[in-house]
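Pasting run.pdb here (PDB, C-alpha atoms, pLDDT in the B column):
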```pdb
ATOM      1  CA  MET A   1       7.944 -38.317  61.709  1.00 82.00           C
ATOM      2  CA  ILE A   2       8.952 -36.062  58.832  1.00 91.00           C
ATOM      3  CA  GLU A   3      12.688 -35.396  58.688  1.00 93.00           C
ATOM      4  CA  PRO A   4      15.099 -33.909  56.192  1.00 96.00           C
ATOM      5  CA  ASN A   5      16.517 -36.478  53.802  1.00 96.00           C
ATOM      6  CA  PHE A   6      20.266 -36.017  53.944  1.00 96.00           C
ATOM      7  CA  SER A   7      21.040 -38.941  51.637  1.00 93.00           C
ATOM      8  CA  LYS A   8      20.390 -37.251  48.272  1.00 85.00           C
ATOM      9  CA  GLY A   9      23.114 -34.627  48.544  1.00 84.00           C
ATOM     10  CA  ASN A  10      25.935 -36.680  50.054  1.00 86.00           C
ATOM     11  CA  GLY A  11      24.834 -35.891  53.578  1.00 95.00           C
ATOM     12  CA  LEU A  12      24.023 -32.238  52.920  1.00 96.00           C
ATOM     13  CA  ILE A  13      20.815 -30.335  52.250  1.00 97.00           C
ATOM     14  CA  PRO A  14      20.488 -26.699  51.205  1.00 98.00           C
ATOM     15  CA  ALA A  15      18.894 -24.325  53.699  1.00 98.00           C
ATOM     16  CA  ILE A  16      17.339 -21.130  52.383  1.00 98.00           C
ATOM     17  CA  VAL A  17      17.475 -18.301  54.916  1.00 98.00           C
ATOM     18  CA  GLN A  18      14.824 -15.628  54.876  1.00 98.00           C
ATOM     19  CA  ASP A  19      14.190 -12.578  57.064  1.00 97.00           C
ATOM     20  CA  ALA A  20      11.203 -13.483  59.254  1.00 97.00           C
ATOM     21  CA  GLU A  21       9.777  -9.966  59.067  1.00 95.00           C
ATOM     22  CA  THR A  22      10.331  -8.822  55.494  1.00 95.00           C
ATOM     23  CA  ASN A  23      10.641 -12.191  53.702  1.00 97.00           C
ATOM     24  CA  GLU A  24      13.872 -10.976  52.101  1.00 97.00           C
ATOM     25  CA  VAL A  25      16.067 -13.929  51.122  1.00 98.00           C
ATOM     26  CA  LEU A  26      19.357 -13.477  52.964  1.00 98.00           C
ATOM     27  CA  MET A  27      21.489 -16.457  51.965  1.00 98.00           C
ATOM     28  CA  LEU A  28      21.696 -20.144  51.209  1.00 98.00           C
ATOM     29  CA  ALA A  29      23.881 -22.511  53.199  1.00 98.00           C
ATOM     30  CA  TYR A  30      24.203 -26.252  53.679  1.00 97.00           C
ATOM     31  CA  MET A  31      23.342 -28.444  56.634  1.00 98.00           C
ATOM     32  CA  ASN A  32      24.366 -31.948  57.589  1.00 98.00           C
ATOM     33  CA  ARG A  33      22.495 -33.868  60.266  1.00 97.00           C
ATOM     34  CA  GLN A  34      24.668 -32.483  63.058  1.00 97.00           C
ATOM     35  CA  SER A  35      24.103 -28.862  62.036  1.00 98.00           C
ATOM     36  CA  TRP A  36      20.364 -29.512  61.641  1.00 98.00           C
ATOM     37  CA  GLU A  37      20.127 -30.934  65.147  1.00 97.00           C
ATOM     38  CA  THR A  38      22.298 -28.161  66.594  1.00 98.00           C
ATOM     39  CA  THR A  39      20.089 -25.536  64.940  1.00 98.00           C
ATOM     40  CA  LEU A  40      16.970 -27.044  66.516  1.00 97.00           C
ATOM     41  CA  GLN A  41      18.585 -27.446  69.931  1.00 97.00           C
ATOM     42  CA  THR A  42      20.110 -23.984  70.155  1.00 97.00           C
ATOM     43  CA  GLY A  43      17.714 -21.881  68.084  1.00 98.00           C
ATOM     44  CA  LYS A  44      20.737 -20.394  66.300  1.00 98.00           C
ATOM     45  CA  ALA A  45      21.234 -21.173  62.633  1.00 98.00           C
ATOM     46  CA  THR A  46      24.127 -23.611  62.307  1.00 98.00           C
ATOM     47  CA  TYR A  47      25.452 -24.861  58.994  1.00 98.00           C
ATOM     48  CA  TRP A  48      28.115 -27.084  57.531  1.00 97.00           C
ATOM     49  CA  SER A  49      30.903 -25.151  55.885  1.00 95.00           C
ATOM     50  CA  ARG A  50      31.785 -26.935  52.658  1.00 92.00           C
ATOM     51  CA  SER A  51      34.983 -24.936  52.229  1.00 90.00           C
ATOM     52  CA  ARG A  52      36.235 -25.382  55.805  1.00 92.00           C
ATOM     53  CA  GLN A  53      34.628 -28.821  56.314  1.00 95.00           C
ATOM     54  CA  THR A  54      33.445 -27.925  59.788  1.00 96.00           C
ATOM     55  CA  LEU A  55      30.331 -27.075  61.755  1.00 97.00           C
ATOM     56  CA  TRP A  56      29.623 -23.381  61.329  1.00 95.00           C
ATOM     57  CA  VAL A  57      27.572 -21.426  63.851  1.00 97.00           C
ATOM     58  CA  LYS A  58      26.542 -18.504  61.665  1.00 96.00           C
ATOM     59  CA  GLY A  59      27.822 -15.250  63.162  1.00 93.00           C
ATOM     60  CA  GLU A  60      30.326 -16.807  65.560  1.00 91.00           C
ATOM     61  CA  THR A  61      33.049 -14.465  64.250  1.00 85.00           C
ATOM     62  CA  SER A  62      31.048 -11.407  63.187  1.00 84.00           C
ATOM     63  CA  GLY A  63      28.438 -11.580  65.947  1.00 91.00           C
ATOM     64  CA  ASN A  64      25.754 -11.578  63.253  1.00 93.00           C
ATOM     65  CA  VAL A  65      23.952 -14.666  64.476  1.00 97.00           C
ATOM     66  CA  GLN A  66      20.601 -15.790  63.102  1.00 98.00           C
ATOM     67  CA  LEU A  67      17.840 -16.497  65.614  1.00 98.00           C
ATOM     68  CA  VAL A  68      15.521 -19.082  64.117  1.00 98.00           C
ATOM     69  CA  LYS A  69      11.853 -18.106  64.199  1.00 98.00           C
ATOM     70  CA  ASN A  70      10.267 -20.652  61.850  1.00 98.00           C
ATOM     71  CA  VAL A  71      11.420 -23.792  60.058  1.00 98.00           C
ATOM     72  CA  PHE A  72       9.807 -25.198  56.908  1.00 98.00           C
ATOM     73  CA  ILE A  73      10.526 -28.332  54.890  1.00 98.00           C
ATOM     74  CA  ASP A  74       9.800 -28.785  51.190  1.00 98.00           C
ATOM     75  CA  CYS A  75       7.686 -31.393  49.419  1.00 97.00           C
ATOM     76  CA  ASP A  76      10.663 -33.669  48.710  1.00 96.00           C
ATOM     77  CA  GLU A  77      12.146 -33.238  52.190  1.00 97.00           C
ATOM     78  CA  ASP A  78      15.475 -32.266  50.700  1.00 96.00           C
ATOM     79  CA  THR A  79      15.452 -28.503  51.295  1.00 98.00           C
ATOM     80  CA  ILE A  80      14.910 -26.445  54.439  1.00 98.00           C
ATOM     81  CA  LEU A  81      13.624 -22.890  54.722  1.00 98.00           C
ATOM     82  CA  LEU A  82      14.580 -20.945  57.847  1.00 98.00           C
ATOM     83  CA  GLN A  83      12.887 -17.702  58.795  1.00 98.00           C
ATOM     84  CA  VAL A  84      15.275 -15.827  61.060  1.00 98.00           C
ATOM     85  CA  GLU A  85      15.933 -12.660  62.950  1.00 98.00           C
ATOM     86  CA  GLN A  86      19.252 -11.474  61.541  1.00 97.00           C
ATOM     87  CA  ILE A  87      21.267  -9.932  64.364  1.00 97.00           C
ATOM     88  CA  GLY A  88      23.531  -7.111  63.174  1.00 94.00           C
ATOM     89  CA  LYS A  89      21.389  -6.612  60.066  1.00 92.00           C
ATOM     90  CA  ALA A  90      23.908  -8.217  57.674  1.00 93.00           C
ATOM     91  CA  ALA A  91      23.923 -11.870  56.641  1.00 95.00           C
ATOM     92  CA  CYS A  92      26.667 -11.727  54.012  1.00 95.00           C
ATOM     93  CA  HIS A  93      30.352 -12.039  54.883  1.00 92.00           C
ATOM     94  CA  LYS A  94      30.993  -9.332  52.300  1.00 95.00           C
ATOM     95  CA  GLY A  95      29.090  -6.893  54.518  1.00 94.00           C
ATOM     96  CA  TYR A  96      25.784  -6.780  52.688  1.00 96.00           C
ATOM     97  CA  ARG A  97      22.382  -7.341  54.196  1.00 96.00           C
ATOM     98  CA  SER A  98      21.752 -10.247  51.808  1.00 97.00           C
ATOM     99  CA  CYS A  99      24.194 -12.461  49.926  1.00 98.00           C
ATOM    100  CA  PHE A 100      22.033 -11.757  46.874  1.00 98.00           C
ATOM    101  CA  TYR A 101      23.219  -8.163  46.549  1.00 98.00           C
ATOM    102  CA  ARG A 102      23.780  -8.314  42.778  1.00 98.00           C
ATOM    103  CA  LYS A 103      20.993  -8.222  40.244  1.00 98.00           C
ATOM    104  CA  LEU A 104      21.080  -9.092  36.576  1.00 98.00           C
ATOM    105  CA  ASN A 105      20.802  -5.969  34.457  1.00 96.00           C
ATOM    106  CA  GLY A 106      21.032  -6.706  30.755  1.00 92.00           C
ATOM    107  CA  LYS A 107      23.951  -9.094  30.370  1.00 89.00           C
ATOM    108  CA  ASP A 108      25.783  -8.454  33.647  1.00 94.00           C
ATOM    109  CA  PHE A 109      25.140  -8.297  37.380  1.00 97.00           C
ATOM    110  CA  VAL A 110      25.194  -4.959  39.192  1.00 97.00           C
ATOM    111  CA  VAL A 111      25.311  -4.259  42.925  1.00 97.00           C
ATOM    112  CA  VAL A 112      21.900  -3.262  44.270  1.00 97.00           C
ATOM    113  CA  GLY A 113      22.185  -4.479  47.883  1.00 96.00           C
ATOM    114  CA  GLU A 114      22.677  -2.453  51.005  1.00 90.00           C
ATOM    115  CA  LYS A 115      26.172  -2.593  52.524  1.00 93.00           C
ATOM    116  CA  ILE A 116      26.028  -2.719  56.332  1.00 93.00           C
ATOM    117  CA  PHE A 117      29.666  -3.225  57.365  1.00 91.00           C
ATOM    118  CA  ASP A 118      33.209  -3.296  56.006  1.00 91.00           C
ATOM    119  CA  PRO A 119      34.486  -6.897  56.122  1.00 90.00           C
ATOM    120  CA  LYS A 120      38.046  -5.666  56.782  1.00 88.00           C
ATOM    121  CA  GLU A 121      36.873  -4.184  60.068  1.00 84.00           C
ATOM    122  CA  ILE A 122      35.121  -7.366  61.196  1.00 76.00           C
ATOM    123  CA  TYR A 123      37.244 -10.308  60.028  1.00 72.00           C
ATOM    124  CA  LYS A 124      40.741  -9.441  61.247  1.00 71.00           C
TER     125      LYS A 124
ATOM    126  CA  MET B   1      31.499 -10.715  33.430  1.00 82.00           C
ATOM    127  CA  ILE B   2      29.961 -12.284  36.528  1.00 91.00           C
ATOM    128  CA  GLU B   3      28.526 -15.726  35.878  1.00 93.00           C
ATOM    129  CA  PRO B   4      27.253 -18.619  37.970  1.00 96.00           C
ATOM    130  CA  ASN B   5      29.995 -21.057  38.912  1.00 96.00           C
ATOM    131  CA  PHE B   6      28.670 -24.458  37.910  1.00 96.00           C
ATOM    132  CA  SER B   7      31.844 -26.332  38.842  1.00 93.00           C
ATOM    133  CA  LYS B   8      31.316 -26.587  42.625  1.00 85.00           C
ATOM    134  CA  GLY B   9      28.161 -28.716  42.501  1.00 84.00           C
ATOM    135  CA  ASN B  10      29.054 -31.119  39.691  1.00 86.00           C
ATOM    136  CA  GLY B  11      27.608 -28.833  37.060  1.00 95.00           C
ATOM    137  CA  LEU B  12      24.553 -27.802  39.069  1.00 96.00           C
ATOM    138  CA  ILE B  13      23.683 -24.769  41.165  1.00 97.00           C
ATOM    139  CA  PRO B  14      20.632 -24.308  43.375  1.00 98.00           C
ATOM    140  CA  ALA B  15      18.103 -21.688  42.315  1.00 98.00           C
ATOM    141  CA  ILE B  16      15.820 -20.235  44.974  1.00 98.00           C
ATOM    142  CA  VAL B  17      12.468 -19.168  43.561  1.00 98.00           C
ATOM    143  CA  GLN B  18      10.575 -16.339  45.201  1.00 98.00           C
ATOM    144  CA  ASP B  19       7.278 -14.633  44.391  1.00 97.00           C
ATOM    145  CA  ALA B  20       8.206 -11.248  42.912  1.00 97.00           C
ATOM    146  CA  GLU B  21       5.284  -9.500  44.618  1.00 95.00           C
ATOM    147  CA  THR B  22       5.043 -11.039  48.086  1.00 95.00           C
ATOM    148  CA  ASN B  23       8.621 -12.363  48.503  1.00 97.00           C
ATOM    149  CA  GLU B  24       7.183 -15.745  49.488  1.00 97.00           C
ATOM    150  CA  VAL B  25       9.723 -18.514  48.813  1.00 98.00           C
ATOM    151  CA  LEU B  26       8.060 -20.926  46.407  1.00 98.00           C
ATOM    152  CA  MET B  27      10.623 -23.638  45.755  1.00 98.00           C
ATOM    153  CA  LEU B  28      14.236 -24.562  45.181  1.00 98.00           C
ATOM    154  CA  ALA B  29      15.408 -26.272  42.019  1.00 98.00           C
ATOM    155  CA  TYR B  30      18.712 -26.924  40.276  1.00 97.00           C
ATOM    156  CA  MET B  31      20.161 -25.441  37.105  1.00 98.00           C
ATOM    157  CA  ASN B  32      22.948 -26.555  34.827  1.00 98.00           C
ATOM    158  CA  ARG B  33      24.448 -24.195  32.280  1.00 97.00           C
ATOM    159  CA  GLN B  34      21.899 -25.136  29.627  1.00 97.00           C
ATOM    160  CA  SER B  35      18.913 -24.448  31.883  1.00 98.00           C
ATOM    161  CA  TRP B  36      20.483 -21.170  33.040  1.00 98.00           C
ATOM    162  CA  GLU B  37      20.929 -19.999  29.454  1.00 97.00           C
ATOM    163  CA  THR B  38      17.446 -21.186  28.475  1.00 98.00           C
ATOM    164  CA  THR B  39      15.931 -19.311  31.420  1.00 98.00           C
ATOM    165  CA  LEU B  40      17.634 -16.088  30.339  1.00 97.00           C
ATOM    166  CA  GLN B  41      16.732 -16.536  26.684  1.00 97.00           C
ATOM    167  CA  THR B  42      13.069 -17.431  27.198  1.00 97.00           C
ATOM    168  CA  GLY B  43      12.213 -15.581  30.418  1.00 98.00           C
ATOM    169  CA  LYS B  44      10.608 -18.790  31.693  1.00 98.00           C
ATOM    170  CA  ALA B  45      12.220 -20.548  34.634  1.00 98.00           C
ATOM    171  CA  THR B  46      13.921 -23.690  33.341  1.00 98.00           C
ATOM    172  CA  TYR B  47      15.694 -26.171  35.580  1.00 98.00           C
ATOM    173  CA  TRP B  48      17.568 -29.436  35.464  1.00 97.00           C
ATOM    174  CA  SER B  49      15.562 -32.330  36.838  1.00 95.00           C
ATOM    175  CA  ARG B  50      17.909 -34.430  38.939  1.00 92.00           C
ATOM    176  CA  SER B  51      15.427 -37.298  39.124  1.00 90.00           C
ATOM    177  CA  ARG B  52      14.587 -37.364  35.405  1.00 92.00           C
ATOM    178  CA  GLN B  53      18.035 -36.157  34.247  1.00 95.00           C
ATOM    179  CA  THR B  54      16.524 -33.803  31.721  1.00 96.00           C
ATOM    180  CA  LEU B  55      15.902 -30.135  31.045  1.00 97.00           C
ATOM    181  CA  TRP B  56      12.733 -29.113  32.834  1.00 95.00           C
ATOM    182  CA  VAL B  57      10.686 -26.123  31.742  1.00 97.00           C
ATOM    183  CA  LYS B  58       8.780 -25.472  34.953  1.00 96.00           C
ATOM    184  CA  GLY B  59       5.041 -25.757  34.302  1.00 94.00           C
ATOM    185  CA  GLU B  60       5.276 -27.520  30.955  1.00 91.00           C
ATOM    186  CA  THR B  61       2.824 -30.183  32.177  1.00 85.00           C
ATOM    187  CA  SER B  62       0.701 -28.255  34.669  1.00 85.00           C
ATOM    188  CA  GLY B  63       0.705 -24.932  32.825  1.00 91.00           C
ATOM    189  CA  ASN B  64       2.053 -23.307  35.982  1.00 93.00           C
ATOM    190  CA  VAL B  65       5.020 -21.635  34.355  1.00 97.00           C
ATOM    191  CA  GLN B  66       7.196 -19.090  36.136  1.00 98.00           C
ATOM    192  CA  LEU B  67       7.804 -15.784  34.373  1.00 98.00           C
ATOM    193  CA  VAL B  68      11.165 -14.441  35.512  1.00 98.00           C
ATOM    194  CA  LYS B  69      11.051 -10.847  36.751  1.00 98.00           C
ATOM    195  CA  ASN B  70      14.438 -10.477  38.475  1.00 98.00           C
ATOM    196  CA  VAL B  71      17.597 -12.558  38.758  1.00 98.00           C
ATOM    197  CA  PHE B  72      20.125 -12.253  41.586  1.00 98.00           C
ATOM    198  CA  ILE B  73      23.442 -14.011  42.205  1.00 98.00           C
ATOM    199  CA  ASP B  74      25.016 -14.591  45.595  1.00 98.00           C
ATOM    200  CA  CYS B  75      28.430 -13.544  46.921  1.00 97.00           C
ATOM    201  CA  ASP B  76      30.061 -16.863  46.014  1.00 96.00           C
ATOM    202  CA  GLU B  77      28.388 -17.062  42.599  1.00 97.00           C
ATOM    203  CA  ASP B  78      27.125 -20.531  43.379  1.00 96.00           C
ATOM    204  CA  THR B  79      23.451 -19.807  44.070  1.00 98.00           C
ATOM    205  CA  ILE B  80      20.793 -18.005  42.037  1.00 98.00           C
ATOM    206  CA  LEU B  81      17.685 -16.240  43.282  1.00 98.00           C
ATOM    207  CA  LEU B  82      14.802 -15.856  40.832  1.00 98.00           C
ATOM    208  CA  GLN B  83      11.897 -13.527  41.501  1.00 98.00           C
ATOM    209  CA  VAL B  84       8.991 -14.771  39.403  1.00 98.00           C
ATOM    210  CA  GLU B  85       5.372 -14.360  38.559  1.00 98.00           C
ATOM    211  CA  GLN B  86       3.899 -17.774  39.321  1.00 97.00           C
ATOM    212  CA  ILE B  87       1.226 -18.532  36.730  1.00 97.00           C
ATOM    213  CA  GLY B  88      -1.608 -20.668  38.123  1.00 94.00           C
ATOM    214  CA  LYS B  89      -0.759 -19.617  41.679  1.00 92.00           C
ATOM    215  CA  ALA B  90       0.832 -22.949  42.637  1.00 93.00           C
ATOM    216  CA  ALA B  91       4.528 -23.804  42.360  1.00 95.00           C
ATOM    217  CA  CYS B  92       4.476 -27.203  44.049  1.00 95.00           C
ATOM    218  CA  HIS B  93       3.688 -30.412  42.172  1.00 92.00           C
ATOM    219  CA  LYS B  94       1.708 -31.477  45.225  1.00 95.00           C
ATOM    220  CA  GLY B  95      -0.745 -28.656  44.532  1.00 94.00           C
ATOM    221  CA  TYR B  96       0.398 -26.152  47.111  1.00 96.00           C
ATOM    222  CA  ARG B  97       1.298 -22.553  46.473  1.00 96.00           C
ATOM    223  CA  SER B  98       4.794 -23.123  47.861  1.00 97.00           C
ATOM    224  CA  CYS B  99       6.826 -26.311  48.185  1.00 98.00           C
ATOM    225  CA  PHE B 100       7.479 -25.192  51.765  1.00 98.00           C
ATOM    226  CA  TYR B 101       3.923 -25.931  52.918  1.00 98.00           C
ATOM    227  CA  ARG B 102       4.956 -27.703  56.124  1.00 98.00           C
ATOM    228  CA  LYS B 103       6.191 -25.904  59.205  1.00 98.00           C
ATOM    229  CA  LEU B 104       7.963 -27.304  62.227  1.00 98.00           C
ATOM    230  CA  ASN B 105       5.679 -27.316  65.237  1.00 96.00           C
ATOM    231  CA  GLY B 106       7.327 -28.835  68.287  1.00 92.00           C
ATOM    232  CA  LYS B 107       8.997 -32.017  67.063  1.00 89.00           C
ATOM    233  CA  ASP B 108       7.094 -32.590  63.822  1.00 94.00           C
ATOM    234  CA  PHE B 109       6.092 -30.741  60.670  1.00 97.00           C
ATOM    235  CA  VAL B 110       2.466 -29.740  60.097  1.00 97.00           C
ATOM    236  CA  VAL B 111       0.784 -28.548  56.915  1.00 97.00           C
ATOM    237  CA  VAL B 112       0.257 -24.796  56.938  1.00 97.00           C
ATOM    238  CA  GLY B 113       0.368 -24.042  53.194  1.00 96.00           C
ATOM    239  CA  GLU B 114      -2.471 -23.223  50.885  1.00 90.00           C
ATOM    240  CA  LYS B 115      -3.550 -26.017  48.524  1.00 93.00           C
ATOM    241  CA  ILE B 116      -4.422 -24.652  45.079  1.00 93.00           C
ATOM    242  CA  PHE B 117      -5.067 -27.783  43.004  1.00 91.00           C
ATOM    243  CA  ASP B 118      -5.441 -31.545  43.251  1.00 91.00           C
ATOM    244  CA  PRO B 119      -2.388 -33.185  41.624  1.00 90.00           C
ATOM    245  CA  LYS B 120      -4.515 -36.140  40.471  1.00 88.00           C
ATOM    246  CA  GLU B 121      -6.525 -33.783  38.296  1.00 84.00           C
ATOM    247  CA  ILE B 122      -3.455 -32.189  36.721  1.00 76.00           C
ATOM    248  CA  TYR B 123      -0.864 -34.946  36.230  1.00 72.00           C
ATOM    249  CA  LYS B 124      -2.806 -37.726  34.496  1.00 71.00           C
TER     250      LYS B 124
END
```

Could you spell out this file's structure in structure tokens?
Amino acid sequence: MIEPNFSKGNGLIPAIVQDAETNEVLMLAYMNRQSWETTLQTGKATYWSRSRQTLWVKGETSGNVQLVKNVFIDCDEDTILLQVEQIGKAACHKGYRSCFYRKLNGKDFVVVGEKIFDPKEIYK
Amino acid sequence: MIEPNFSKGNGLIPAIVQDAETNEVLMLAYMNRQSWETTLQTGKATYWSRSRQTLWVKGETSGNVQLVKNVFIDCDEDTILLQVEQIGKAACHKGYRSCFYRKLNGKDFVVVGEKIFDPKEIYK
């Protein structure tokens, strides 16, 4: 059976998260085995927070959960691609639709992403 | 000036690679500062090969280079998203269009991706 290989990245693999409808890339997060298994069991994207060192059900605070529609694995079995339905429209904790809301323009990055909510109103 | 933060991942950041036209996710690779700067200077996606421990100009063997069209940075400045024109149609060294050519179906992954070339014919 094909499974993610968690050994290469000290127990963690990157998971790319993409909107299932538009293919927009929303974010990248990390998974350990527990978060991988929880994601499959619950159908809600669940990651490992490197900063908080804890299991992280995406959207548990903001309500912006990610319902998993499709799961892909890469050729080396060390990266996962999730296609999700993003509840609440915004994936980024800074209130943008996508975490990749800044685009390189010349020598600096400029904001091009759509802001959906004000983080101060959500994370109190 | 906003820049990738290479310090979190021991000098490496993940770069998600997406087709600039279709938004299909093609692969994920890693960049160190040198490969980041080379990518910007040359306009050709250049990574750091973790297995070979060397700078890796994507497509230097197969000819399937990636011409960088847009560059995005995420909210934490620790992940890059490249939108590219994939020369030769295939990004994956196994001959598929995308490295994510296997999709979870029930409890196992099945091949759903399009095979473009036979690796035995390319990497001799």

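Note that the spacing between atom CA of Ile87 of chain A and atom CA of Tyr123 of chain A amounts to 16.6 Å.
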
Superposed chain A (on chain B, all in-order C-alpha pairs) as a short mmCIF file (atom, residue, chain, number, x, y, z; two decimals) with C-alpha atoms, in the coordinates of the input:
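Resulting contents of result-v9.cif:
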```
data_model
loop_
_atom_site.label_atom_id
_atom_site.label_comp_id
_atom_site.auth_asym_id
_atom_site.auth_seq_id
_atom_site.Cartn_x
_atom_site.Cartn_y
_atom_site.Cartn_z
CA MET A 1 31.52 -10.69 33.45
CA ILE A 2 29.96 -12.28 36.52
CA GLU A 3 28.53 -15.73 35.86
CA PRO A 4 27.26 -18.60 37.96
CA ASN A 5 29.99 -21.05 38.90
CA PHE A 6 28.67 -24.45 37.92
CA SER A 7 31.85 -26.32 38.84
CA LYS A 8 31.33 -26.58 42.62
CA GLY A 9 28.18 -28.70 42.49
CA ASN A 10 29.06 -31.12 39.70
CA GLY A 11 27.62 -28.83 37.06
CA LEU A 12 24.56 -27.80 39.07
CA ILE A 13 23.69 -24.77 41.16
CA PRO A 14 20.64 -24.32 43.38
CA ALA A 15 18.11 -21.70 42.33
CA ILE A 16 15.83 -20.25 44.98
CA VAL A 17 12.46 -19.17 43.57
CA GLN A 18 10.57 -16.35 45.20
CA ASP A 19 7.27 -14.64 44.38
CA ALA A 20 8.21 -11.25 42.91
CA GLU A 21 5.29 -9.51 44.61
CA THR A 22 5.06 -11.04 48.07
CA ASN A 23 8.62 -12.36 48.51
CA GLU A 24 7.19 -15.74 49.49
CA VAL A 25 9.72 -18.51 48.82
CA LEU A 26 8.05 -20.93 46.41
CA MET A 27 10.62 -23.65 45.77
CA LEU A 28 14.23 -24.58 45.19
CA ALA A 29 15.41 -26.29 42.03
CA TYR A 30 18.71 -26.93 40.28
CA MET A 31 20.16 -25.45 37.12
CA ASN A 32 22.95 -26.56 34.84
CA ARG A 33 24.45 -24.19 32.29
CA GLN A 34 21.91 -25.13 29.63
CA SER A 35 18.92 -24.45 31.89
CA TRP A 36 20.48 -21.17 33.04
CA GLU A 37 20.92 -19.99 29.46
CA THR A 38 17.45 -21.19 28.47
CA THR A 39 15.94 -19.31 31.42
CA LEU A 40 17.63 -16.08 30.34
CA GLN A 41 16.72 -16.53 26.68
CA THR A 42 13.07 -17.42 27.20
CA GLY A 43 12.21 -15.57 30.41
CA LYS A 44 10.61 -18.79 31.70
CA ALA A 45 12.22 -20.55 34.63
CA THR A 46 13.93 -23.69 33.35
CA TYR A 47 15.69 -26.18 35.59
CA TRP A 48 17.56 -29.44 35.47
CA SER A 49 15.57 -32.33 36.84
CA ARG A 50 17.91 -34.45 38.94
CA SER A 51 15.43 -37.32 39.12
CA ARG A 52 14.59 -37.38 35.40
CA GLN A 53 18.04 -36.17 34.25
CA THR A 54 16.53 -33.81 31.71
CA LEU A 55 15.91 -30.14 31.05
CA TRP A 56 12.73 -29.12 32.83
CA VAL A 57 10.69 -26.12 31.74
CA LYS A 58 8.78 -25.48 34.95
CA GLY A 59 5.04 -25.76 34.31
CA GLU A 60 5.28 -27.53 30.96
CA THR A 61 2.82 -30.19 32.17
CA SER A 62 0.70 -28.26 34.67
CA GLY A 63 0.71 -24.94 32.82
CA ASN A 64 2.04 -23.31 35.99
CA VAL A 65 5.01 -21.63 34.35
CA GLN A 66 7.20 -19.09 36.14
CA LEU A 67 7.81 -15.78 34.37
CA VAL A 68 11.15 -14.44 35.51
CA LYS A 69 11.05 -10.86 36.74
CA ASN A 70 14.43 -10.48 38.47
CA VAL A 71 17.59 -12.56 38.75
CA PHE A 72 20.12 -12.26 41.58
CA ILE A 73 23.43 -14.01 42.19
CA ASP A 74 25.02 -14.60 45.59
CA CYS A 75 28.42 -13.54 46.91
CA ASP A 76 30.07 -16.86 46.01
CA GLU A 77 28.39 -17.06 42.60
CA ASP A 78 27.12 -20.53 43.37
CA THR A 79 23.45 -19.81 44.07
CA ILE A 80 20.80 -18.01 42.04
CA LEU A 81 17.68 -16.24 43.29
CA LEU A 82 14.80 -15.86 40.83
CA GLN A 83 11.90 -13.53 41.49
CA VAL A 84 8.99 -14.78 39.41
CA GLU A 85 5.37 -14.36 38.55
CA GLN A 86 3.88 -17.77 39.32
CA ILE A 87 1.22 -18.53 36.73
CA GLY A 88 -1.61 -20.66 38.11
CA LYS A 89 -0.75 -19.60 41.67
CA ALA A 90 0.82 -22.95 42.63
CA ALA A 91 4.52 -23.79 42.37
CA CYS A 92 4.47 -27.20 44.06
CA HIS A 93 3.69 -30.40 42.18
CA LYS A 94 1.71 -31.49 45.23
CA GLY A 95 -0.74 -28.66 44.53
CA TYR A 96 0.40 -26.14 47.12
CA ARG A 97 1.29 -22.54 46.48
CA SER A 98 4.80 -23.12 47.87
CA CYS A 99 6.82 -26.31 48.19
CA PHE A 100 7.48 -25.19 51.77
CA TYR A 101 3.93 -25.93 52.92
CA ARG A 102 4.96 -27.71 56.13
CA LYS A 103 6.19 -25.91 59.21
CA LEU A 104 7.98 -27.31 62.22
CA ASN A 105 5.69 -27.32 65.24
CA GLY A 106 7.33 -28.84 68.29
CA LYS A 107 9.00 -32.02 67.07
CA ASP A 108 7.10 -32.58 63.82
CA PHE A 109 6.10 -30.74 60.66
CA VAL A 110 2.47 -29.75 60.10
CA VAL A 111 0.78 -28.55 56.91
CA VAL A 112 0.26 -24.79 56.94
CA GLY A 113 0.36 -24.04 53.19
CA GLU A 114 -2.49 -23.21 50.89
CA LYS A 115 -3.56 -26.01 48.53
CA ILE A 116 -4.44 -24.64 45.08
CA PHE A 117 -5.07 -27.78 42.99
CA ASP A 118 -5.44 -31.55 43.25
CA PRO A 119 -2.39 -33.18 41.62
CA LYS A 120 -4.53 -36.14 40.47
CA GLU A 121 -6.54 -33.77 38.29
CA ILE A 122 -3.47 -32.19 36.70
CA TYR A 123 -0.88 -34.94 36.23
CA LYS A 124 -2.81 -37.70 34.46
#
```

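Between Asn64 of chain A and the candidates A:Asn32, A:Ser98, A:Gln86, A:Asn10, the tightest atom-to-atom separation, counting all atoms listed in the file, involves A:Gln86.
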
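Distances to chain A were evaluated for B:Thr61, B:Ser49, B:Asn5, B:Gln18 using all atoms listed in the file, and the minimum falls at B:Gln18.
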
_Residues matched by the PyMOL selection byres ((chain B) within 7 of (chain A)) as a ChimeraX atom specification_ = /B:1-2,23-24,71-75,99-104,108-109

*Up to 8 Å from (16.3, -17.3, 68.6) in the file's coordinates: name the residues, counting only C-alpha atoms, as a PyMOL selection string.*
chain A and resi 42-44+66-69+84-85

*Could you state the separation of atom CA of Gly63 of chain A and atom CA of Gly88 of chain A in Å, given to one decimal place?*
7.2 Å

*All residues 6 Å or closer to Trp48 of chain A, only C-alpha atoms, same chain fewer than 2 positions away omitted, as a list of chain:residue names*: A:Tyr30, A:Met31, A:Thr54, A:Leu55, A:Trp56

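Pairwise distance (atom CA of Gln83 of chain A, atom CA of Glu121 of chain A) equals 27.6 Å.
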
From the coordinates supplied, segment 52-59 of chain A should be written with C-alpha atoms, as a tab-separated table (two decimals), in the first residue's frame.
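Result saved to decode_2.tsv:
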```
chain	number	residue	atom	x	y	z
A	52	ARG	CA	2.51	25.47	18.64
A	53	GLN	CA	3.71	21.84	18.45
A	54	THR	CA	0.17	20.51	18.47
A	55	LEU	CA	-2.43	18.91	16.25
A	56	TRP	CA	-4.23	21.66	14.36
A	57	VAL	CA	-7.72	21.17	12.94
A	58	LYS	CA	-7.70	23.92	10.33
A	59	GLY	CA	-10.50	26.40	11.05
```
